[in-house]
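Here is work_35.pdb, consisting of PDB, N, CA and C atoms and all ligand atoms:
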```
ATOM      1  N   MET A   1     -65.593  42.036  62.766
ATOM      2  CA  MET A   1     -64.137  42.078  62.581
ATOM      3  C   MET A   1     -63.487  41.054  63.492
ATOM      4  N   SER A   2     -62.645  40.223  62.907
ATOM      5  CA  SER A   2     -61.988  39.189  63.705
ATOM      6  C   SER A   2     -60.602  39.662  64.112
ATOM      7  N   LEU A   3     -60.198  39.224  65.270
ATOM      8  CA  LEU A   3     -58.896  39.606  65.794
ATOM      9  C   LEU A   3     -57.804  38.764  65.155
ATOM     10  N   MET A   4     -56.893  39.450  64.484
ATOM     11  CA  MET A   4     -55.812  38.736  63.821
ATOM     12  C   MET A   4     -54.542  38.840  64.655
ATOM     13  N   VAL A   5     -53.781  37.779  64.652
ATOM     14  CA  VAL A   5     -52.515  37.736  65.369
ATOM     15  C   VAL A   5     -51.414  37.437  64.376
ATOM     16  N   ARG A   6     -50.351  38.188  64.469
ATOM     17  CA  ARG A   6     -49.208  37.893  63.597
ATOM     18  C   ARG A   6     -48.184  37.087  64.385
ATOM     19  N   VAL A   7     -47.686  36.069  63.754
ATOM     20  CA  VAL A   7     -46.675  35.233  64.398
ATOM     21  C   VAL A   7     -45.508  35.060  63.427
ATOM     22  N   VAL A   8     -44.309  35.145  63.957
ATOM     23  CA  VAL A   8     -43.122  34.898  63.150
ATOM     24  C   VAL A   8     -42.586  33.514  63.510
ATOM     25  N   LEU A   9     -42.440  32.687  62.492
ATOM     26  CA  LEU A   9     -41.924  31.345  62.715
ATOM     27  C   LEU A   9     -40.514  31.228  62.167
ATOM     28  N   GLU A  10     -39.641  30.628  62.953
ATOM     29  CA  GLU A  10     -38.324  30.249  62.446
ATOM     30  C   GLU A  10     -38.460  28.832  61.913
ATOM     31  N   LEU A  11     -38.281  28.711  60.602
ATOM     32  CA  LEU A  11     -38.517  27.433  59.936
ATOM     33  C   LEU A  11     -37.225  26.840  59.420
ATOM     34  N   ARG A  12     -37.205  25.548  59.320
ATOM     35  CA  ARG A  12     -36.071  24.854  58.701
ATOM     36  C   ARG A  12     -36.613  23.910  57.650
ATOM     37  N   CYS A  13     -36.101  24.074  56.448
ATOM     38  CA  CYS A  13     -36.539  23.231  55.334
ATOM     39  C   CYS A  13     -36.094  21.793  55.584
ATOM     40  N   VAL A  14     -37.023  20.880  55.488
ATOM     41  CA  VAL A  14     -36.694  19.475  55.728
ATOM     42  C   VAL A  14     -35.786  18.935  54.628
ATOM     43  N   LYS A  15     -35.976  19.450  53.421
ATOM     44  CA  LYS A  15     -35.244  18.896  52.276
ATOM     45  C   LYS A  15     -33.792  19.379  52.212
ATOM     46  N   CYS A  16     -33.570  20.698  52.387
ATOM     47  CA  CYS A  16     -32.205  21.214  52.213
ATOM     48  C   CYS A  16     -31.648  21.822  53.503
ATOM     49  N   ALA A  17     -32.462  21.852  54.570
ATOM     50  CA  ALA A  17     -32.028  22.268  55.910
ATOM     51  C   ALA A  17     -31.718  23.756  56.037
ATOM     52  N   VAL A  18     -32.095  24.579  55.065
ATOM     53  CA  VAL A  18     -31.884  26.011  55.205
ATOM     54  C   VAL A  18     -32.883  26.564  56.231
ATOM     55  N   LYS A  19     -32.418  27.535  57.013
ATOM     56  CA  LYS A  19     -33.285  28.153  58.019
ATOM     57  C   LYS A  19     -33.711  29.529  57.546
ATOM     58  N   PHE A  20     -34.945  29.888  57.838
ATOM     59  CA  PHE A  20     -35.441  31.205  57.468
ATOM     60  C   PHE A  20     -36.616  31.544  58.370
ATOM     61  N   GLU A  21     -37.013  32.820  58.322
ATOM     62  CA  GLU A  21     -38.160  33.261  59.102
ATOM     63  C   GLU A  21     -39.292  33.630  58.163
ATOM     64  N   ARG A  22     -40.489  33.413  58.623
ATOM     65  CA  ARG A  22     -41.646  33.782  57.824
ATOM     66  C   ARG A  22     -42.767  34.186  58.775
ATOM     67  N   SER A  23     -43.451  35.265  58.426
ATOM     68  CA  SER A  23     -44.536  35.711  59.291
ATOM     69  C   SER A  23     -45.876  35.276  58.713
ATOM     70  N   PHE A  24     -46.779  34.990  59.607
ATOM     71  CA  PHE A  24     -48.115  34.550  59.241
ATOM     72  C   PHE A  24     -49.121  35.377  60.017
ATOM     73  N   GLU A  25     -50.276  35.565  59.422
ATOM     74  CA  GLU A  25     -51.381  36.163  60.164
ATOM     75  C   GLU A  25     -52.483  35.130  60.278
ATOM     76  N   GLU A  26     -52.985  34.984  61.473
ATOM     77  CA  GLU A  26     -54.008  33.983  61.725
ATOM     78  C   GLU A  26     -55.047  34.564  62.666
ATOM     79  N   ARG A  27     -56.241  34.023  62.588
ATOM     80  CA  ARG A  27     -57.200  34.320  63.643
ATOM     81  C   ARG A  27     -56.689  33.681  64.929
ATOM     82  N   ARG A  28     -56.917  34.378  66.017
ATOM     83  CA  ARG A  28     -56.347  33.929  67.276
ATOM     84  C   ARG A  28     -56.711  32.482  67.592
ATOM     85  N   ARG A  29     -57.950  32.117  67.317
ATOM     86  CA  ARG A  29     -58.386  30.765  67.670
ATOM     87  C   ARG A  29     -57.755  29.699  66.793
ATOM     88  N   GLN A  30     -57.256  30.107  65.619
ATOM     89  CA  GLN A  30     -56.644  29.118  64.731
ATOM     90  C   GLN A  30     -55.133  29.052  64.913
ATOM     91  N   LEU A  31     -54.639  29.835  65.841
ATOM     92  CA  LEU A  31     -53.196  29.905  66.029
ATOM     93  C   LEU A  31     -52.729  28.668  66.788
ATOM     94  N   ASN A  32     -52.235  27.710  66.071
ATOM     95  CA  ASN A  32     -51.892  26.447  66.718
ATOM     96  C   ASN A  32     -50.529  25.936  66.266
ATOM     97  N   TYR A  33     -49.639  26.850  65.938
ATOM     98  CA  TYR A  33     -48.286  26.429  65.609
ATOM     99  C   TYR A  33     -47.554  26.098  66.889
ATOM    100  N   SER A  34     -46.818  25.027  66.895
ATOM    101  CA  SER A  34     -45.988  24.754  68.056
ATOM    102  C   SER A  34     -44.619  24.260  67.630
ATOM    103  N   GLU A  35     -43.659  24.604  68.464
ATOM    104  CA  GLU A  35     -42.270  24.295  68.156
ATOM    105  C   GLU A  35     -42.057  22.789  68.087
ATOM    106  N   GLY A  36     -41.294  22.372  67.098
ATOM    107  CA  GLY A  36     -41.022  20.958  66.921
ATOM    108  C   GLY A  36     -41.965  20.277  65.966
ATOM    109  N   GLU A  37     -43.045  20.972  65.581
ATOM    110  CA  GLU A  37     -43.986  20.369  64.655
ATOM    111  C   GLU A  37     -43.605  20.657  63.209
ATOM    112  N   MET A  38     -44.260  19.971  62.311
ATOM    113  CA  MET A  38     -44.010  20.130  60.889
ATOM    114  C   MET A  38     -45.117  20.969  60.263
ATOM    115  N   LEU A  39     -44.716  21.734  59.262
ATOM    116  CA  LEU A  39     -45.656  22.623  58.594
ATOM    117  C   LEU A  39     -45.476  22.448  57.089
ATOM    118  N   GLN A  40     -46.574  22.269  56.384
ATOM    119  CA  GLN A  40     -46.487  22.144  54.930
ATOM    120  C   GLN A  40     -46.879  23.464  54.274
ATOM    121  N   LEU A  41     -45.980  23.961  53.435
ATOM    122  CA  LEU A  41     -46.231  25.186  52.681
ATOM    123  C   LEU A  41     -46.133  24.853  51.201
ATOM    124  N   ASP A  42     -46.262  25.858  50.364
ATOM    125  CA  ASP A  42     -46.088  25.549  48.948
ATOM    126  C   ASP A  42     -44.606  25.363  48.631
ATOM    127  N   GLU A  43     -44.342  24.768  47.487
ATOM    128  CA  GLU A  43     -42.964  24.381  47.176
ATOM    129  C   GLU A  43     -42.077  25.565  46.837
ATOM    130  N   LYS A  44     -42.659  26.765  46.773
ATOM    131  CA  LYS A  44     -41.847  27.957  46.544
ATOM    132  C   LYS A  44     -41.447  28.628  47.849
ATOM    133  N   ALA A  45     -41.846  28.059  48.962
ATOM    134  CA  ALA A  45     -41.619  28.714  50.244
ATOM    135  C   ALA A  45     -40.150  28.686  50.665
ATOM    136  N   CYS A  46     -39.408  27.699  50.227
ATOM    137  CA  CYS A  46     -38.007  27.597  50.625
ATOM    138  C   CYS A  46     -37.182  28.669  49.912
ATOM    139  N   PRO A  47     -36.444  29.507  50.667
ATOM    140  CA  PRO A  47     -35.624  30.552  50.031
ATOM    141  C   PRO A  47     -34.473  29.975  49.214
ATOM    142  N   ASN A  48     -34.197  28.719  49.414
ATOM    143  CA  ASN A  48     -33.134  28.042  48.670
ATOM    144  C   ASN A  48     -33.659  27.438  47.359
ATOM    145  N   HIS A  49     -34.962  27.566  47.126
ATOM    146  CA  HIS A  49     -35.613  27.064  45.902
ATOM    147  C   HIS A  49     -35.318  25.587  45.651
ATOM    148  N   CYS A  50     -35.346  24.800  46.710
ATOM    149  CA  CYS A  50     -35.035  23.383  46.557
ATOM    150  C   CYS A  50     -36.278  22.571  46.179
ATOM    151  N   GLY A  51     -37.434  23.204  46.262
ATOM    152  CA  GLY A  51     -38.662  22.505  45.890
ATOM    153  C   GLY A  51     -39.312  21.738  47.029
ATOM    154  N   GLY A  52     -38.683  21.739  48.186
ATOM    155  CA  GLY A  52     -39.276  21.060  49.335
ATOM    156  C   GLY A  52     -40.460  21.845  49.875
ATOM    157  N   ASP A  53     -41.457  21.153  50.376
ATOM    158  CA  ASP A  53     -42.634  21.857  50.892
ATOM    159  C   ASP A  53     -42.948  21.533  52.351
ATOM    160  N   TRP A  54     -42.060  20.816  53.007
ATOM    161  CA  TRP A  54     -42.239  20.554  54.439
ATOM    162  C   TRP A  54     -41.158  21.275  55.241
ATOM    163  N   PHE A  55     -41.592  21.883  56.335
ATOM    164  CA  PHE A  55     -40.696  22.705  57.139
ATOM    165  C   PHE A  55     -40.936  22.403  58.609
ATOM    166  N   SER A  56     -39.872  22.320  59.361
ATOM    167  CA  SER A  56     -40.045  22.118  60.791
ATOM    168  C   SER A  56     -39.998  23.472  61.494
ATOM    169  N   ILE A  57     -40.821  23.607  62.514
ATOM    170  CA  ILE A  57     -40.926  24.861  63.257
ATOM    171  C   ILE A  57     -39.900  24.846  64.379
ATOM    172  N   GLU A  58     -38.880  25.683  64.236
ATOM    173  CA  GLU A  58     -37.822  25.736  65.242
ATOM    174  C   GLU A  58     -38.254  26.598  66.429
ATOM    175  N   LYS A  59     -38.772  27.770  66.105
ATOM    176  CA  LYS A  59     -39.225  28.682  67.157
ATOM    177  C   LYS A  59     -40.386  29.498  66.632
ATOM    178  N   GLN A  60     -41.167  30.028  67.536
ATOM    179  CA  GLN A  60     -42.218  30.955  67.130
ATOM    180  C   GLN A  60     -42.217  32.168  68.034
ATOM    181  N   HIS A  61     -42.517  33.310  67.422
ATOM    182  CA  HIS A  61     -42.531  34.567  68.148
ATOM    183  C   HIS A  61     -43.851  35.270  67.867
ATOM    184  N   PRO A  62     -44.798  35.159  68.751
ATOM    185  CA  PRO A  62     -46.063  35.863  68.511
ATOM    186  C   PRO A  62     -45.884  37.373  68.644
ATOM    187  N   ILE A  63     -46.542  38.106  67.778
ATOM    188  CA  ILE A  63     -46.552  39.567  67.859
ATOM    189  C   ILE A  63     -47.992  39.970  68.094
ATOM    190  N   ARG A  64     -48.257  40.567  69.222
ATOM    191  CA  ARG A  64     -49.644  40.764  69.621
ATOM    192  C   ARG A  64     -50.313  41.935  68.930
ATOM    193  N   LYS A  65     -49.580  43.016  68.766
ATOM    194  CA  LYS A  65     -50.222  44.211  68.214
ATOM    195  C   LYS A  65     -49.305  44.889  67.226
ATOM    196  N   PHE A  66     -49.910  45.669  66.387
ATOM    197  CA  PHE A  66     -49.156  46.396  65.377
ATOM    198  C   PHE A  66     -49.007  47.837  65.829
ATOM    199  N   LYS A  67     -48.028  48.103  66.638
ATOM    200  CA  LYS A  67     -47.861  49.458  67.136
ATOM    201  C   LYS A  67     -46.890  50.240  66.291
ATOM    202  N   ARG A  68     -46.153  49.552  65.465
ATOM    203  CA  ARG A  68     -45.130  50.212  64.678
ATOM    204  C   ARG A  68     -45.318  49.902  63.214
ATOM    205  N   ARG A  69     -44.872  50.796  62.396
ATOM    206  CA  ARG A  69     -44.798  50.504  60.976
ATOM    207  C   ARG A  69     -43.373  50.063  60.671
ATOM    208  N   PHE A  70     -43.258  48.992  59.929
ATOM    209  CA  PHE A  70     -41.940  48.456  59.643
ATOM    210  C   PHE A  70     -41.442  48.842  58.252
ATOM    211  N   GLY A  71     -42.227  49.597  57.535
ATOM    212  CA  GLY A  71     -41.789  49.998  56.207
ATOM    213  C   GLY A  71     -42.949  50.593  55.440
ATOM    214  N   PRO A  72     -42.709  50.985  54.222
ATOM    215  CA  PRO A  72     -43.757  51.646  53.424
ATOM    216  C   PRO A  72     -44.926  50.718  53.107
ATOM    217  N   ASP A  73     -44.720  49.423  53.188
ATOM    218  CA  ASP A  73     -45.812  48.492  52.885
ATOM    219  C   ASP A  73     -46.585  48.066  54.127
ATOM    220  N   ALA A  74     -46.160  48.526  55.286
ATOM    221  CA  ALA A  74     -46.797  48.091  56.530
ATOM    222  C   ALA A  74     -48.201  48.687  56.677
TER
HETATM  223 ZN    ZN A 101     -35.198  23.875  50.937
END
```
With the file now loaded, output its structure as structure tokens.
Amino acid sequence: MSLMVRVVLELRCVKCAVKFERSFEERRRQLNYSEGEMLQLDEKACPNHCGGDWFSIEKQHPIRKFKRRFGPDA
């Protein structure tokens, strides 16, 4: 079993400049997001549906453990 880390990234769409948050789960060793860098996602990732697939990382918030349930799907 590998240790997974959840991280919440504050992203800004390069194409339309909308800001949004998105959470990712990664193996700890692959966790290499850093603020100010660019991240490529699929073209449906922008909540504004602008078709852009590049996003800049404004901030990141690592979440170390899952101690709480955030909803029925958690
Ligand atoms: Zn966009």
Notebook entry, point to check: Got a sec to check which residues lie within 7 Å of ligand ZN 101 (chain A), using all atoms listed in the file, and send them as an MDAnalysis selection string?
Noted result: chainID A and resid 12:18 45:53
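Picture a line from atom CA of Glu58 of chain A to atom C of Leu39 of chain A; it runs 11.7 Å.
In this model, the gap between atom CA of Trp54 of chain A and atom CA of Leu3 of chain A comes to 27.7 Å.
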Note to self: Just to confirm, what's the straight-line distance from atom CA of Pro62 of chain A to atom CA of Met38 of chain A in Å (one decimal)?
What the structure shows: 17.6 Å
Notebook entry, point to check: What does the PyMOL selection byres (((chain A and resi 23 and name CA) around 9) and not hetatm and name CA) select in this file, as a PyMOL selection string?
Noted result: chain A and resi 6-10+21-22+24-25
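You can rank A:His61, A:Phe55, A:Met4, A:Phe20 by their closest distance to Leu41 of chain A using all atoms listed in the file, and at the top of that list sits A:Phe55.
Shell of Val5 of chain A at 6.5 Å, with only N, CA and C atoms counted and residues fewer than 6 places along the chain excluded, is Phe24, Glu25, Glu26, Arg27, Arg28, Ile63 and Arg64 of chain A.
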